[in-house]
file data.txt (compact mmCIF, C-alpha atoms)
# COMPACT_ATOMS: atom_id res chain seq x y z
CA MET Q 267 -31.46 10.17 -16.31
CA ALA Q 268 -30.53 13.81 -16.15
CA GLY Q 269 -28.21 14.69 -13.28
CA THR Q 270 -26.78 11.26 -12.53
CA SER Q 271 -23.80 11.66 -14.81
CA ASP Q 272 -23.03 15.03 -13.23
CA ILE Q 273 -23.12 13.53 -9.79
CA LYS Q 274 -21.01 10.61 -10.92
CA ARG Q 275 -18.38 12.97 -12.26
CA LYS Q 276 -18.38 14.90 -9.01
CA ILE Q 277 -17.89 11.69 -7.02
CA ALA Q 278 -14.96 10.72 -9.21
CA SER Q 279 -13.34 14.12 -8.70
CA VAL Q 280 -13.76 14.03 -4.93
CA LYS Q 281 -12.29 10.53 -4.91
CA ASN Q 282 -9.25 11.81 -6.76
CA THR Q 283 -8.78 14.60 -4.27
CA GLN Q 284 -9.07 12.12 -1.46
CA LYS Q 285 -6.33 10.00 -2.99
CA ILE Q 286 -4.03 13.01 -2.96
CA THR Q 287 -4.85 14.04 0.59
CA LYS Q 288 -4.35 10.47 1.78
CA ALA Q 289 -0.97 10.27 0.09
CA MET Q 290 0.06 13.62 1.56
CA LYS Q 291 -0.96 12.40 4.97
CA MET Q 292 1.25 9.33 4.66
CA VAL Q 293 4.19 11.38 3.42
CA SER Q 294 3.81 13.85 6.26
CA ALA Q 295 3.64 11.03 8.79
CA ALA Q 296 6.94 9.64 7.51
CA LYS Q 297 8.55 13.07 7.46
CA MET Q 298 7.32 13.81 10.92
CA ARG Q 299 8.86 10.64 12.21
CA ARG Q 300 12.19 11.64 10.72
CA ALA Q 301 11.95 15.13 12.18
CA GLN Q 302 11.18 13.64 15.57
CA ASP Q 303 14.22 11.40 15.31
CA ALA Q 304 16.36 14.44 14.59
CA MET Q 305 14.94 16.10 17.68
CA THR Q 306 15.79 13.09 19.79
CA ALA Q 307 19.29 12.97 18.35
CA ALA Q 308 19.86 16.59 19.31
CA ARG Q 309 18.81 16.07 22.90
CA PRO Q 310 22.13 14.97 24.46
CA PHE Q 311 23.84 18.00 22.96
CA ALA Q 312 21.01 20.24 24.13
CA HIS Q 313 21.21 19.01 27.65
CA LYS Q 314 24.96 19.41 27.92
CA ILE Q 315 25.37 22.79 26.31
CA THR Q 316 22.57 24.30 28.37
CA GLU Q 317 24.22 23.01 31.51
CA MET Q 318 27.62 24.33 30.47
CA VAL Q 319 26.35 27.76 29.53
CA HIS Q 320 24.60 28.26 32.80
CA ASP Q 321 27.53 26.96 34.76
CA VAL Q 322 30.01 29.26 33.08
CA ALA Q 323 27.65 32.22 33.04
CA GLN Q 324 27.34 32.09 36.81
CA ARG Q 325 31.04 32.44 37.19
CA ALA Q 326 31.51 35.24 34.73
CA ASN Q 327 31.05 38.84 35.73
CA PRO Q 328 27.72 39.73 34.08
CA GLU Q 329 28.59 43.40 33.76
CA LEU Q 330 31.43 42.64 31.42
CA HIS Q 331 29.30 40.63 29.10
CA PRO Q 332 26.74 41.85 26.62
CA PHE Q 333 25.59 38.23 26.34
CA LEU Q 334 24.55 38.41 29.98
CA SER Q 335 23.77 42.04 30.65
CA GLY Q 336 22.31 43.06 27.30
CA ASN Q 337 23.67 45.75 25.02
CA GLU Q 338 23.00 49.47 24.84
CA ASN Q 339 20.36 49.16 22.20
CA THR Q 340 17.25 49.05 24.30
CA ASP Q 341 14.64 50.25 21.84
CA THR Q 342 15.04 47.60 19.18
CA ILE Q 343 14.03 44.00 19.54
CA GLY Q 344 15.18 41.20 17.30
CA LEU Q 345 12.61 38.54 16.60
CA VAL Q 346 13.44 35.32 14.81
CA VAL Q 347 10.21 34.05 13.25
CA VAL Q 348 10.08 30.42 12.22
CA THR Q 349 7.42 29.33 9.74
CA SER Q 350 7.26 26.65 7.08
CA ASP Q 351 8.04 26.96 3.40
CA ARG Q 352 4.86 25.29 2.31
CA GLY Q 353 1.20 25.64 3.09
CA LEU Q 354 -1.57 23.08 3.46
CA CYS Q 355 -0.82 22.59 7.08
CA GLY Q 356 -3.85 24.11 8.74
CA ALA Q 357 -3.39 27.07 11.05
CA PHE Q 358 0.30 26.26 11.62
CA ASN Q 359 1.69 29.40 9.99
CA ASN Q 360 -1.23 31.65 10.76
CA ASN Q 361 -0.78 31.03 14.45
CA ILE Q 362 2.80 32.21 14.19
CA LEU Q 363 1.96 35.29 12.16
CA LYS Q 364 -0.74 36.22 14.63
CA ALA Q 365 1.66 35.69 17.50
CA VAL Q 366 4.09 38.11 15.86
CA SER Q 367 1.44 40.82 15.72
CA ARG Q 368 0.59 40.16 19.33
CA PHE Q 369 4.27 40.31 20.24
CA ALA Q 370 4.61 43.64 18.46
CA SER Q 371 1.64 45.14 20.27
CA GLU Q 372 2.94 43.90 23.59
CA HIS Q 373 6.20 45.68 22.94
CA GLN Q 374 4.86 48.97 21.79
CA GLY Q 375 7.26 51.84 21.63
CA LYS Q 376 10.03 49.49 20.58
CA LYS Q 377 11.05 48.70 17.12
CA VAL Q 378 10.76 45.05 16.15
CA LYS Q 379 13.17 43.80 13.53
CA LEU Q 380 12.56 40.40 12.03
CA VAL Q 381 14.64 37.49 10.90
CA CYS Q 382 12.26 35.47 8.74
CA ILE Q 383 12.70 31.74 8.43
CA GLY Q 384 10.47 29.96 5.97
CA LYS Q 385 8.77 31.37 2.89
CA LYS Q 386 5.49 31.99 4.65
CA ALA Q 387 6.91 34.49 7.12
CA TYR Q 388 8.74 36.46 4.46
CA GLU Q 389 5.79 36.56 2.09
CA PHE Q 390 3.61 37.89 4.85
CA PHE Q 391 5.91 40.48 6.37
CA ARG Q 392 7.52 41.99 3.32
CA LYS Q 393 4.19 43.60 2.42
CA ARG Q 394 3.77 44.95 5.91
CA ASP Q 395 5.41 47.53 8.04
CA TYR Q 396 8.24 45.49 9.51
CA GLU Q 397 11.93 45.72 9.03
CA ILE Q 398 13.40 42.44 7.88
CA ILE Q 399 17.04 41.87 8.74
CA GLU Q 400 17.42 38.65 6.84
CA LYS Q 401 15.30 35.91 5.35
CA TYR Q 402 15.91 32.22 4.97
CA ALA Q 403 13.85 29.71 3.06
CA ASP Q 404 14.05 26.44 1.20
CA PHE Q 405 15.51 23.98 3.64
CA ALA Q 406 14.79 21.17 1.22
CA GLY Q 407 13.07 18.99 3.75
CA LYS Q 408 15.86 18.27 6.17
CA VAL Q 409 17.15 20.78 8.65
CA LEU Q 410 20.91 20.73 9.03
CA PHE Q 411 22.90 22.23 11.83
CA SER Q 412 24.77 24.30 9.26
CA ASP Q 413 21.49 26.02 8.36
CA ALA Q 414 21.10 27.08 11.96
CA VAL Q 415 24.73 28.25 12.12
CA GLY Q 416 24.21 30.74 9.31
CA ILE Q 417 21.11 32.19 10.90
CA ALA Q 418 22.44 32.28 14.44
CA ASP Q 419 25.69 33.96 13.43
CA VAL Q 420 23.79 36.81 11.81
CA VAL Q 421 21.72 37.23 14.95
CA VAL Q 422 24.76 37.22 17.22
CA GLU Q 423 26.59 39.69 14.99
CA GLN Q 424 23.62 42.04 14.97
CA PHE Q 425 23.38 41.78 18.71
CA LEU Q 426 27.05 42.50 19.29
CA ASN Q 427 27.00 45.44 16.90
CA ASN Q 428 24.05 46.92 18.74
CA GLY Q 429 21.87 46.48 15.70
CA ILE Q 430 19.27 44.82 17.86
CA GLY Q 431 18.71 44.71 21.60
CA ASP Q 432 17.00 41.75 23.17
CA VAL Q 433 16.52 38.76 20.90
CA TYR Q 434 13.53 36.45 20.88
CA VAL Q 435 12.65 33.38 18.86
CA LEU Q 436 9.06 32.64 17.92
CA TYR Q 437 8.31 29.16 16.70
CA ASN Q 438 5.78 26.38 16.85
CA GLU Q 439 6.60 24.04 19.65
CA PHE Q 440 6.00 20.42 18.81
CA LYS Q 441 3.84 19.10 21.61
CA SER Q 442 2.30 16.18 19.81
CA THR Q 443 1.10 15.33 16.35
CA ALA Q 444 -2.18 17.02 17.08
CA SER Q 445 -0.92 20.07 18.89
CA GLN Q 446 1.62 22.72 18.07
CA THR Q 447 1.64 25.95 19.99
CA PRO Q 448 3.54 29.10 19.18
CA VAL Q 449 6.09 29.92 21.85
CA THR Q 450 8.21 33.01 22.29
CA GLU Q 451 11.56 32.46 23.87
CA LYS Q 452 14.12 35.05 24.84
CA ILE Q 453 17.56 33.93 23.78
CA LEU Q 454 19.66 37.06 24.28
CA PRO Q 455 20.79 38.27 26.70
CA LEU Q 456 20.98 35.04 28.60
CA LYS Q 457 18.93 34.78 31.72
CA VAL Q 458 21.16 32.87 34.09
CA GLU Q 459 19.32 30.26 36.02
CA ASP Q 460 20.69 29.57 39.40
CA ALA Q 461 21.59 25.93 39.34
CA GLY Q 462 21.52 25.87 43.12
CA GLU Q 463 24.41 24.14 44.75
CA GLN Q 464 27.48 23.58 42.69
CA LEU Q 465 28.83 20.07 42.88
CA VAL Q 466 31.90 20.37 40.74
CA GLU Q 467 34.52 23.05 40.87
CA TYR Q 468 35.92 23.24 37.37
CA ILE Q 469 39.15 24.56 36.05
CA TYR Q 470 38.34 26.96 33.25
CA GLU Q 471 40.65 27.19 30.34
CA PRO Q 472 40.52 29.93 29.19
CA LYS Q 473 38.82 32.07 31.89
CA PRO Q 474 35.03 31.92 32.23
CA GLU Q 475 34.68 35.33 30.57
CA MET Q 476 36.64 34.16 27.54
CA LEU Q 477 35.01 30.80 27.50
CA LEU Q 478 31.65 32.46 27.36
CA ASN Q 479 32.62 34.01 24.05
CA GLU Q 480 33.05 30.51 22.68
CA LEU Q 481 30.02 29.11 24.39
CA MET Q 482 27.36 31.70 23.73
CA PRO Q 483 27.43 31.77 19.91
CA ARG Q 484 27.21 27.97 20.02
CA TYR Q 485 24.36 28.11 22.44
CA ILE Q 486 22.47 30.51 20.19
CA ARG Q 487 23.15 28.29 17.18
CA TYR Q 488 21.80 25.39 19.08
CA LYS Q 489 18.73 27.39 20.16
CA VAL Q 490 17.99 28.31 16.56
CA PHE Q 491 18.59 24.72 15.51
CA GLN Q 492 16.17 23.51 18.11
CA ALA Q 493 13.52 25.99 16.98
CA LEU Q 494 14.00 24.78 13.40
CA LEU Q 495 13.69 21.15 14.42
CA GLU Q 496 10.60 21.73 16.52
CA SER Q 497 9.02 23.75 13.80
CA THR Q 498 9.76 21.15 11.12
CA ALA Q 499 8.32 18.33 13.19
CA GLY Q 500 5.35 20.52 14.00
CA GLU Q 501 4.82 21.44 10.37
CA HIS Q 502 4.60 17.82 9.31
CA GLY Q 503 2.38 17.01 12.25
CA ALA Q 504 0.06 19.87 11.40
CA ARG Q 505 -0.02 18.85 7.76
CA MET Q 506 -0.76 15.30 8.72
CA MET Q 507 -3.73 16.43 10.77
CA ALA Q 508 -4.92 18.81 8.05
CA MET Q 509 -4.73 16.08 5.43
CA ASP Q 510 -6.44 13.63 7.73
CA ASN Q 511 -9.31 16.06 8.14
CA ALA Q 512 -9.41 16.66 4.42
CA SER Q 513 -9.56 12.91 3.74
CA ARG Q 514 -12.37 12.53 6.22
CA ASN Q 515 -14.28 15.44 4.73
CA ALA Q 516 -13.85 13.88 1.33
CA SER Q 517 -15.27 10.60 2.65
CA ASP Q 518 -18.30 12.43 4.05
CA MET Q 519 -18.79 14.21 0.77
CA ILE Q 520 -18.54 11.01 -1.23
CA GLY Q 521 -21.12 9.44 1.08
CA LYS Q 522 -23.53 12.30 0.61
CA LEU Q 523 -23.02 12.41 -3.12
CA THR Q 524 -23.52 8.66 -3.42
CA LEU Q 525 -26.75 8.96 -1.49
CA THR Q 526 -28.01 11.71 -3.79
CA TYR Q 527 -26.89 9.72 -6.79
CA ASN Q 528 -28.85 6.67 -5.63
CA LYS Q 529 -31.89 8.77 -4.87
CA VAL Q 530 -31.85 10.39 -8.28
CA ARG Q 531 -31.32 7.03 -9.94
CA GLN Q 532 -34.15 5.46 -7.97
CA ALA Q 533 -36.46 8.37 -8.77
CA ALA Q 534 -35.68 7.95 -12.45
CA ILE Q 535 -36.42 4.23 -12.34
CA THR Q 536 -39.64 4.83 -10.44
CA ASN Q 537 -40.67 7.35 -13.05
CA GLU Q 538 -39.94 4.90 -15.85
CA ILE Q 539 -41.93 2.15 -14.18
CA LEU Q 540 -44.78 4.58 -13.68
CA ASP Q 541 -44.65 5.43 -17.37
CA ILE Q 542 -44.73 1.75 -18.36
CA VAL Q 543 -47.50 0.90 -15.95
CA ASN Q 544 -49.50 3.89 -17.09
CA GLY Q 545 -48.97 2.89 -20.72
CA ALA Q 546 -50.06 -0.69 -20.04
CA GLU Q 547 -53.10 0.52 -18.08
CA ALA Q 548 -54.06 2.73 -21.01
CA LEU Q 549 -53.84 -0.22 -23.46
CA ASN Q 550 -55.88 -2.43 -21.20
CA GLY Q 551 -58.45 0.24 -20.66
CA MET T 292 37.03 1.37 36.39
CA ALA T 293 39.84 3.48 37.64
CA ASP T 294 41.92 2.82 34.56
CA MET T 295 39.18 3.75 32.11
CA ILE T 296 37.44 7.02 31.35
CA LYS T 297 34.15 7.42 29.56
CA LEU T 298 34.35 9.40 26.36
CA GLU T 299 31.25 10.92 24.82
CA LEU T 300 31.34 12.76 21.53
CA VAL T 301 28.18 14.68 20.77
CA THR T 302 27.22 16.87 17.83
CA PRO T 303 23.89 18.65 17.47
CA GLU T 304 22.89 16.10 14.90
CA ARG T 305 23.82 12.92 16.70
CA LEU T 306 25.72 11.12 19.42
CA LEU T 307 28.87 9.89 17.71
CA LEU T 308 30.77 8.08 20.42
CA SER T 309 30.11 6.73 23.84
CA GLU T 310 32.90 4.43 24.91
CA ASP T 311 35.20 3.61 27.77
CA VAL T 312 38.72 4.53 26.78
CA GLU T 313 42.17 4.68 28.34
CA GLU T 314 43.28 8.08 27.17
CA VAL T 315 41.96 11.03 25.18
CA ILE T 316 43.90 13.81 23.50
CA VAL T 317 41.83 16.74 22.29
CA PRO T 318 42.76 19.88 20.37
CA GLY T 319 42.09 22.61 22.94
CA VAL T 320 42.15 26.29 21.99
CA GLU T 321 45.24 26.74 24.12
CA GLY T 322 47.01 23.65 22.91
CA ASP T 323 46.40 19.94 22.92
CA LEU T 324 45.02 18.45 26.09
CA GLY T 325 45.78 14.93 27.22
CA VAL T 326 43.17 13.42 29.49
CA LEU T 327 43.68 10.35 31.64
CA PRO T 328 41.25 8.77 34.07
CA GLY T 329 40.98 10.80 37.27
CA HIS T 330 41.57 14.16 35.58
CA THR T 331 40.62 17.33 37.48
CA PRO T 332 37.26 18.74 36.39
CA LEU T 333 37.84 21.15 33.54
CA LEU T 334 35.88 23.14 31.01
CA SER T 335 37.51 24.30 27.83
CA ALA T 336 36.96 25.15 24.19
CA LEU T 337 38.24 23.22 21.21
CA ARG T 338 39.67 24.22 17.88
CA VAL T 339 39.54 22.42 14.56
CA GLY T 340 41.86 19.50 14.66
CA GLU T 341 42.29 15.88 15.45
CA MET T 342 41.19 14.10 18.56
CA THR T 343 42.88 10.88 19.54
CA TYR T 344 41.69 8.28 21.95
CA ARG T 345 43.22 4.99 23.00
CA LYS T 346 41.13 1.98 23.52
CA GLY T 347 42.50 -1.49 24.13
CA GLY T 348 45.99 -0.19 23.39
CA LYS T 349 44.91 0.94 19.93
CA ASN T 350 44.74 4.56 18.81
CA GLU T 351 41.60 5.85 17.14
CA TYR T 352 41.28 9.26 15.52
CA VAL T 353 38.39 11.66 15.12
CA ALA T 354 38.26 14.86 13.08
CA ILE T 355 36.80 17.77 15.05
CA GLU T 356 35.34 20.16 12.50
CA GLY T 357 34.44 23.70 13.38
CA GLY T 358 35.54 23.63 16.99
CA GLY T 359 33.55 22.85 20.08
CA LEU T 360 33.64 22.50 23.82
CA ILE T 361 34.88 19.95 26.28
CA GLU T 362 33.86 19.08 29.79
CA ILE T 363 36.05 16.82 31.85
CA SER T 364 35.06 15.29 35.13
CA SER T 365 36.97 12.57 36.95
CA ASP T 366 35.39 9.65 35.13
CA LYS T 367 33.90 11.25 32.02
CA VAL T 368 34.96 13.36 29.05
CA ILE T 369 32.21 15.04 27.11
CA VAL T 370 33.12 16.62 23.80
CA LEU T 371 30.57 18.90 22.17
CA ALA T 372 31.62 19.50 18.59
CA ASP T 373 29.84 21.56 15.96
CA ALA T 374 30.60 18.71 13.60
CA ALA T 375 32.86 15.70 13.76
CA GLU T 376 33.73 12.64 11.78
CA LEU T 377 35.14 9.35 12.96
CA GLY T 378 38.48 8.50 11.42
CA ARG T 379 37.36 5.18 10.03
CA GLU T 380 34.41 6.83 8.34
CA ILE T 381 36.34 9.50 6.51
CA ASN T 382 36.35 9.21 2.77
CA LEU T 383 39.89 10.10 1.77
CA GLN T 384 39.11 10.60 -1.90
CA GLU T 385 36.33 13.03 -1.09
CA ALA T 386 38.44 14.92 1.40
CA ILE T 387 41.23 15.35 -1.14
CA GLU T 388 38.80 16.59 -3.75
CA ARG T 389 37.32 19.12 -1.38
CA LYS T 390 40.75 20.24 -0.30
CA LEU T 391 41.76 20.90 -3.90
CA GLN T 392 38.53 22.74 -4.46
CA ALA T 393 39.07 24.90 -1.41
CA GLU T 394 42.63 25.65 -2.52
CA SER T 395 41.57 26.74 -5.96
CA VAL T 396 38.89 29.00 -4.55
CA LEU T 397 41.45 30.50 -2.18
CA LYS T 398 43.81 31.21 -5.04
CA ASN T 399 41.19 33.03 -7.08
CA GLU T 400 39.38 34.85 -4.33
CA ARG T 401 42.37 36.18 -2.53
CA GLN T 402 41.24 39.76 -2.39
CA GLN T 403 37.64 39.61 -3.37
CA ASP T 404 35.26 38.25 -0.83
CA ALA T 405 36.66 38.30 2.68
CA GLN T 406 33.84 36.25 4.15
CA ASN T 407 34.09 33.55 1.53
CA PHE T 408 37.85 33.55 1.90
CA ARG T 409 37.61 32.92 5.62
CA ASN T 410 35.06 30.18 5.09
CA MET T 411 37.22 28.45 2.56
CA GLU T 412 40.26 28.77 4.74
CA ALA T 413 38.38 27.03 7.53
CA ARG T 414 37.19 24.40 5.09
CA LEU T 415 40.74 23.78 3.96
CA LYS T 416 41.89 23.30 7.54
CA VAL T 417 39.14 20.77 8.14
CA GLU T 418 39.92 18.84 4.99
CA LEU T 419 43.64 18.76 5.79
CA THR T 420 42.87 17.34 9.21
CA LYS T 421 40.63 14.74 7.68
CA ILE T 422 43.22 13.73 5.13
CA ASN T 423 45.82 13.41 7.88
CA ILE T 424 43.56 11.13 9.83
CA ALA T 425 42.36 9.11 6.89
CA GLU T 426 45.95 8.35 5.98
CA LYS T 427 46.49 6.77 9.36
CA TYR T 428 43.71 4.35 8.59
CA LYS T 429 45.07 3.27 5.24
call {"tool": "encode", "arguments": {"input": "data.txt", "output": "structure tokens"}}
result
Amino acid sequence: MAGTSDIKRKIASVKNTQKITKAMKMVSAAKMRRAQDAMTAARPFAHKITEMVHDVAQRANPELHPFLSGNENTDTIGLVVVTSDRGLCGAFNNNILKAVSRFASEHQGKKVKLVCIGKKAYEFFRKRDYEIIEKYADFAGKVLFSDAVGIADVVVEQFLNNGIGDVYVLYNEFKSTASQTPVTEKILPLKVEDAGEQLVEYIYEPKPEMLLNELMPRYIRYKVFQALLESTAGEHGARMMAMDNASRNASDMIGKLTLTYNKVRQAAITNEILDIVNGAEALNG
Amino acid sequence: MADMIKLELVTPERLLLSEDVEEVIVPGVEGDLGVLPGHTPLLSALRVGEMTYRKGGKNEYVAIEGGGLIEISSDKVIVLADAAELGREINLQEAIERKLQAESVLKNERQQDAQNFRNMEARLKVELTKINIAEKYK
């Protein structure tokens, strides 16, 4: 019966792994749901602040405003990179890291400074030739608006002090459970979208130019918050898919191993019967 | 609905209020703003402080934490706050504790860490507002 016990042990071990991957899948599904809820909850705010910013920005003189016209630092780009803290989520983080390299090669001749969010980004870039302004990690599962505030305020400060020129955010957009795609979004300076006809003539208190100083940092905070939310939901989605695949692979493997096990067992039995039959034949002979 | 105005209070984390009210008073950066139905369209910024609204002849209070923005149109008031807490949900005990904590930090840090000092000062302001409001609900 040589070999069967080995195969048996292997089956048991794969089964254990499958239990873990299944559990992780369930956990990720629950976490993803929560992250999606947070995204939905942020939507009314998103809608309103975007509308307000564009409305006010159209009325402010763009030349007076670094938020609208950009600052003097034209050879440095700030890039906020959003990754996850943990792995085991398929190509989720790799896609982002690759996108950063692509971004850097597209903007050759300019210096790219990074703000790293998530352990994975920092671990990757600290060994490479990038300047890291700041790093953030360990969001303990739930993304809070206050997390985004800290990050966004650093970005805005750097921008106003001419530390960085244009600012982009690179994060995984949550399209569906099965698909997350890296997107690069320019957040500073603001590109004013023409809202077309204006229906309401507002009174501005204080003046649009002043109001913009209140609005823009909030808008950036919100943008960072949104990137964090999307990325978190995406991370759990990606992990769910990865763990689903892993569970399925484990099932396949268990099937194959069970087949081999049965074959080996059957061969052993056949051999034994042959031995017995041969022995009996010999006695009869 | 000429005698009612819709009040919406939104934070990035959730929609806190969506009600028809009779009057709203918000802490604007240039002083408190009273809003009645039929107000001229207005955009403004908010400071930390207390927002009051009247519904069914009864005053309700909300703590606006960390400032925000307000958009008024003739039948709707939209308040975007960084954070906010409804008066009836404020935990007075907790607010007092955090106020004391902020005060003690302020006392010790006076000259040391300017950033932390500012943060704590803001915290203290928020907690004081919350305590004020919570006391009205006692």
call {"tool": "interface_residues", "arguments": {"input": "data.txt", "of": "chain Q", "to": "chain T", "cutoff": "10 Å", "atoms": "all atoms listed in the file", "output": "PyMOL selection string"}}
result
chain Q and resi 303-312+314-315+318+321-322+409-412+415+466-474+476-481+484+487-488+491-492
call {"tool": "residues_around", "arguments": {"input": "data.txt", "residues": "Lys385 (chain Q)", "least_positions_apart": "6", "cutoff": "7 Å", "atoms": "all atoms listed in the file", "output": "VMD selection string"}}
result
chain Q and resid 350 to 351 403
call {"tool": "atom_distance", "arguments": {"input": "data.txt", "atom1": "CA of Lys297 (chain T)", "atom2": "CA of Leu324 (chain T)"}}
result
15.9 Å
call {"tool": "residues_around", "arguments": {"input": "data.txt", "residues": "region 403-414 of chain T", "least_positions_apart": "6", "cutoff": "10 Å", "atoms": "only C-alpha atoms", "output": "list in words"}}
result
Val339, Glu356, Gly357, Arg389, Lys390, Gln392, Ala393, Glu394, Ser395, Val396, Leu397 and Thr420 of chain T
call {"tool": "residues_around", "arguments": {"input": "data.txt", "residues": "region 329-344 of chain Q", "least_positions_apart": "5", "cutoff": "7 Å", "atoms": "only C-alpha atoms", "output": "VMD selection string"}}
result
chain Q and resid 376 to 380 428 430 to 434 454 to 457
call {"tool": "residues_around", "arguments": {"input": "data.txt", "residues": "Lys349 (chain T)", "least_positions_apart": "4", "cutoff": "10 Å", "atoms": "only C-alpha atoms", "output": "compact mmCIF listing (two decimals) with C-alpha atoms, in the frame of the given file"}}
result
# COMPACT_ATOMS: atom_id res chain seq x y z
CA VAL T 312 38.72 4.53 26.78
CA GLU T 313 42.17 4.68 28.34
CA TYR T 344 41.69 8.28 21.95
CA ARG T 345 43.22 4.99 23.00
call {"tool": "closest_residue", "arguments": {"input": "data.txt", "among": "Q:Asp510, Q:Arg300, Q:Glu397, Q:His373", "to": "Lys285 (chain Q)", "atoms": "all atoms listed in the file"}}
result
Q:Asp510
call {"tool": "atom_distance", "arguments": {"input": "data.txt", "atom1": "CA of Gln424 (chain Q)", "atom2": "CA of Ile486 (chain Q)"}}
result
12.7 Å
call {"tool": "atom_distance", "arguments": {"input": "data.txt", "atom1": "CA of Ala375 (chain T)", "atom2": "CA of Gly384 (chain Q)"}}
result
27.7 Å
call {"tool": "residues_around", "arguments": {"input": "data.txt", "residues": "Ile383 (chain Q)", "least_positions_apart": "6", "cutoff": "8 Å", "atoms": "only C-alpha atoms", "output": "number ranges by chain"}}
result
Q: 346-350, 401-403
call {"tool": "closest_residue", "arguments": {"input": "data.txt", "among": "Q:Ala296, Q:Val458, Q:Ala504, Q:Ala326", "to": "Asn360 (chain Q)", "atoms": "all atoms listed in the file"}}
result
Q:Ala504
call {"tool": "axis_aligned_box", "arguments": {"input": "data.txt", "around": "region 417-425 of chain T", "padding_each_side": "6 Å", "output": "lines of an AutoDock Vina configuration file"}}
result
center_x = 42.5
center_y = 14.9
center_z = 7.4
size_x = 18.7
size_y = 23.7
size_z = 16.8
call {"tool": "closest_residue", "arguments": {"input": "data.txt", "among": "Q:Gln446, Q:Leu345, Q:Glu475, Q:Glu423", "to": "Arg325 (chain Q)", "atoms": "all atoms listed in the file"}}
result
Q:Glu475
call {"tool": "closest_residue", "arguments": {"input": "data.txt", "among": "T:Arg338, T:Lys416, T:Lys346, T:His330", "to": "Val317 (chain T)", "atoms": "only C-alpha atoms"}}
result
T:Arg338
call {"tool": "closest_residue", "arguments": {"input": "data.txt", "among": "T:Leu308, T:Val353, T:Met295, T:Pro318", "to": "Glu380 (chain T)", "atoms": "all atoms listed in the file"}}
result
T:Val353
call {"tool": "closest_residue", "arguments": {"input": "data.txt", "among": "T:Gly340, T:Leu391, T:Asp311, T:Asp294", "to": "Lys367 (chain T)", "atoms": "only C-alpha atoms"}}
result
T:Asp311
call {"tool": "decode", "arguments": {"input": "data.txt", "residues": "region 383-416 of chain Q", "atoms": "C-alpha atoms", "output": "mmCIF file, in the first residue's frame"}}
result
data_model
loop_
_atom_site.group_PDB
_atom_site.id
_atom_site.type_symbol
_atom_site.label_atom_id
_atom_site.label_comp_id
_atom_site.auth_asym_id
_atom_site.auth_seq_id
_atom_site.Cartn_x
_atom_site.Cartn_y
_atom_site.Cartn_z
ATOM 1 C CA ILE Q 383 -1.085 55.011 0.713
ATOM 2 C CA GLY Q 384 -1.096 51.396 1.799
ATOM 3 C CA LYS Q 385 1.840 49.246 2.832
ATOM 4 C CA LYS Q 386 2.273 47.703 -0.583
ATOM 5 C CA ALA Q 387 3.068 50.970 -2.322
ATOM 6 C CA TYR Q 388 5.593 52.031 0.277
ATOM 7 C CA GLU Q 389 7.333 48.673 0.386
ATOM 8 C CA PHE Q 390 7.707 48.739 -3.352
ATOM 9 C CA PHE Q 391 8.835 52.315 -3.880
ATOM 10 C CA ARG Q 392 11.176 52.834 -0.969
ATOM 11 C CA LYS Q 393 13.660 50.462 -2.620
ATOM 12 C CA ARG Q 394 13.374 52.257 -5.913
ATOM 13 C CA ASP Q 395 14.345 55.579 -7.290
ATOM 14 C CA TYR Q 396 11.342 57.642 -6.268
ATOM 15 C CA GLU Q 397 11.010 60.446 -3.823
ATOM 16 C CA ILE Q 398 8.360 59.732 -1.236
ATOM 17 C CA ILE Q 399 6.740 62.762 0.349
ATOM 18 C CA GLU Q 400 4.694 60.874 2.877
ATOM 19 C CA LYS Q 401 3.394 57.401 3.517
ATOM 20 C CA TYR Q 402 0.212 56.189 5.121
ATOM 21 C CA ALA Q 403 -0.707 52.659 6.066
ATOM 22 C CA ASP Q 404 -2.783 50.622 8.468
ATOM 23 C CA PHE Q 405 -6.301 51.863 8.061
ATOM 24 C CA ALA Q 406 -7.542 49.044 10.247
ATOM 25 C CA GLY Q 407 -10.217 47.933 7.862
ATOM 26 C CA LYS Q 408 -12.487 50.923 7.787
ATOM 27 C CA VAL Q 409 -11.657 54.103 5.958
ATOM 28 C CA LEU Q 410 -12.633 57.229 7.845
ATOM 29 C CA PHE Q 411 -12.965 60.683 6.437
ATOM 30 C CA SER Q 412 -10.398 61.864 8.962
ATOM 31 C CA ASP Q 413 -7.831 59.569 7.324
ATOM 32 C CA ALA Q 414 -8.427 61.324 4.038
ATOM 33 C CA VAL Q 415 -8.213 64.748 5.701
ATOM 34 C CA GLY Q 416 -4.684 64.096 6.931
#
